[in-house]
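Structure first, commentary second.
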Amino acid sequence: MSAPAVSSPERSSPGDLHPDDQALARYSAISRGAILAVFLGLASALVLVSPIFVVVSLAAAATAVVALRQISFGGGQYSGRWPATIGLCLAMLFTGWGFTRQWTRQATLAEQARQFADGWLQLVREGKQQKAHQMTGPAGQRLNSDQSIAEFYKTDKEAGENLQSFFSREPLKSLLAMPATGAFRFQSVAEFSQHGFEDEVVLQYAYGDSGPGAKQQQFWITVNRQFDERTKLSGWRIGTVAEEAPSGNR
């Protein structure tokens, strides 16, 4: 005698469920990754402060992508596609904005630094060492008139010794001894760096006879821009003049 067949329970359709049960059946948890992607996307604005914070933007983008994949392949178990997409868009927006802003800033600083260095080299070529040496100090402490500058180096023994020592080193010694046919020429921006409220730009130059086939000697000028928090003004000064490239560019 065969056993009676056991009928399997029929699965209730969502329309057969109690209203409260229907809402529960439609519920899907919001992806934690999607929520985190939004917060990281907002935090990506830090890249506008410094490029070093690009790691936050990269983390936001990676988190958003993982969350979107989780939602797509989760079989409806997870929701949060819009928050994840917003986090991804914020990361891309702030990353592009930050790097564009940084590039524009560096281009502006490079042009200003070159103009300052060109003017300084022209003073050196004209034999105005005292005035050129003044430009190695903070902008707010420089003397303006030729008479006051000459009097300062005449009466201040230490300043006079610093002046002599500064221009007795290469490549400045050779620049001063360069014949009238010689000239200096800007070549490139070698390096950028920032230390607190001070920017540093290293410029590569060459000097020598201006005739065709003439040998050119390379040298590097470090130019610093100091921002005064009290006056909200910026001042440029000559840092170092060297025959060798900075360590990061050798």
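Chains: A, B, ... in order of the structure tokens. Residues: from 1 per chain. Ligands: from 1, in order shown.
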**OP:** Would you kindly return, as a VMD selection string, each protein, DNA or RNA residue with an atom no farther than 10 Å from any atom of Phe116 of chain A, considering only C-alpha atoms and excluding same-chain residues fewer than 2 positions away?
**Re:** chain A and resid 110 to 114 118 to 121 135 223 236 to 238
Original post:
Using only C-alpha atoms, which residues sit within 9 Å of Phe219 of chain A once same-chain residues fewer than 4 positions away are excluded, as a list of chain:residue names?
Top reply: A:Pro171, A:Leu203, A:Gln204, A:Tyr205, A:Ala206, A:Tyr207, A:Val241, A:Ala242, A:Glu243, A:Glu244, A:Ala245
Subject >> Contacts of segment 66-82 of chain A within 7 Å, only C-alpha atoms, excl. fewer than 2 positions in-chain, as a list of chain:residue names >> reply: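 Using only C-alpha atoms, the neighbours found are A:Ser28, A:Ala29, A:Ile30, A:Ser31, A:Gly33, A:Ala34, A:Ala62, A:Thr63, A:Ala64, A:Ala84, A:Thr85, A:Ile86.
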Subject >> 8 Å contact set for segment 154-165 of chain A, only C-alpha atoms, chain neighbours under 5 positions out, as a VMD selection string >> reply: chain A and resid 129 to 130 133
Subject >> atom CA of Gln115 of chain A to atom CA of Glu170 of chain A, straight-line distance in Å >> reply: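 Atom CA of Gln115 of chain A lies at a distance of 22.1 Å from atom CA of Glu170 of chain A.
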**OP:** From a DSSP calculation on the backbone, collect every residue of segment 28-246 of chain A in strand (DSSP E or B) and output the set as a PyMOL selection string.
**Re:** chain A and resi 29-30+78-79+182-195+198-209+217-228+233-242
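Among the candidates A:Ile52, A:Ala37, A:Leu109, A:Ala180, the residue lying nearest to Glu198 of chain A is A:Leu109 (atoms considered: only C-alpha atoms).
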Original post:
Between A:Val38, A:Phe94, A:Glu151, A:Lys128, which one has atoms that come closest to Val55 of chain A, using only C-alpha atoms?
Top reply: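 Among the listed residues, the smallest separation from Val55 of chain A belongs to A:Phe94.
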Subject >> Atom pair atom CA of Leu48 of chain A / atom CA of Gly98 of chain A: separation (Å) >> reply: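 The value is 4.6 Å.
A straight line drawn from atom CA of Thr240 of chain A to atom CA of Asp209 of chain A is 23.3 Å long.
Distances from A:Pro246, A:Gly239, A:Gly140, A:Gly87 to Asp199 of chain A were compared using only C-alpha atoms, and the smallest one belongs to A:Gly239.
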Subject >> Those in segment 95-225 of chain A with helix (DSSP H, G or I) from DSSP, as an MDAnalysis selection string >> reply: chainID A and resid 95:125 129:134 139:141 146:155 157:167 172:177
Original post:
Nearest to Gln147 of chain A: which of A:Gln226, A:Lys131, A:Gln216, A:Trp97 is it, counting only C-alpha atoms?
Top reply: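 Closest candidate: A:Lys131.
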Original post:
Within 12 Å of Ala59 of chain A, counting only C-alpha atoms, which residues qualify if same-chain residues fewer than 6 places away don't, as a ChimeraX atom specification?
Top reply: /A:33,36-44,53,65-66,87-88,90-92,95
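Minimum atom-to-atom distance to Gln141 of chain A, evaluated using only C-alpha atoms, belongs to A:Gly235 out of A:Gln218, A:Ser168, A:Leu58, A:Gly235.
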Subject >> Contact residues around Phe192 of chain A with only C-alpha atoms at 8 Å, ignoring same-chain residues under 5 positions, as a list in words >> reply: Gln106, Asp199, Glu200, Val201 and Val202 of chain A
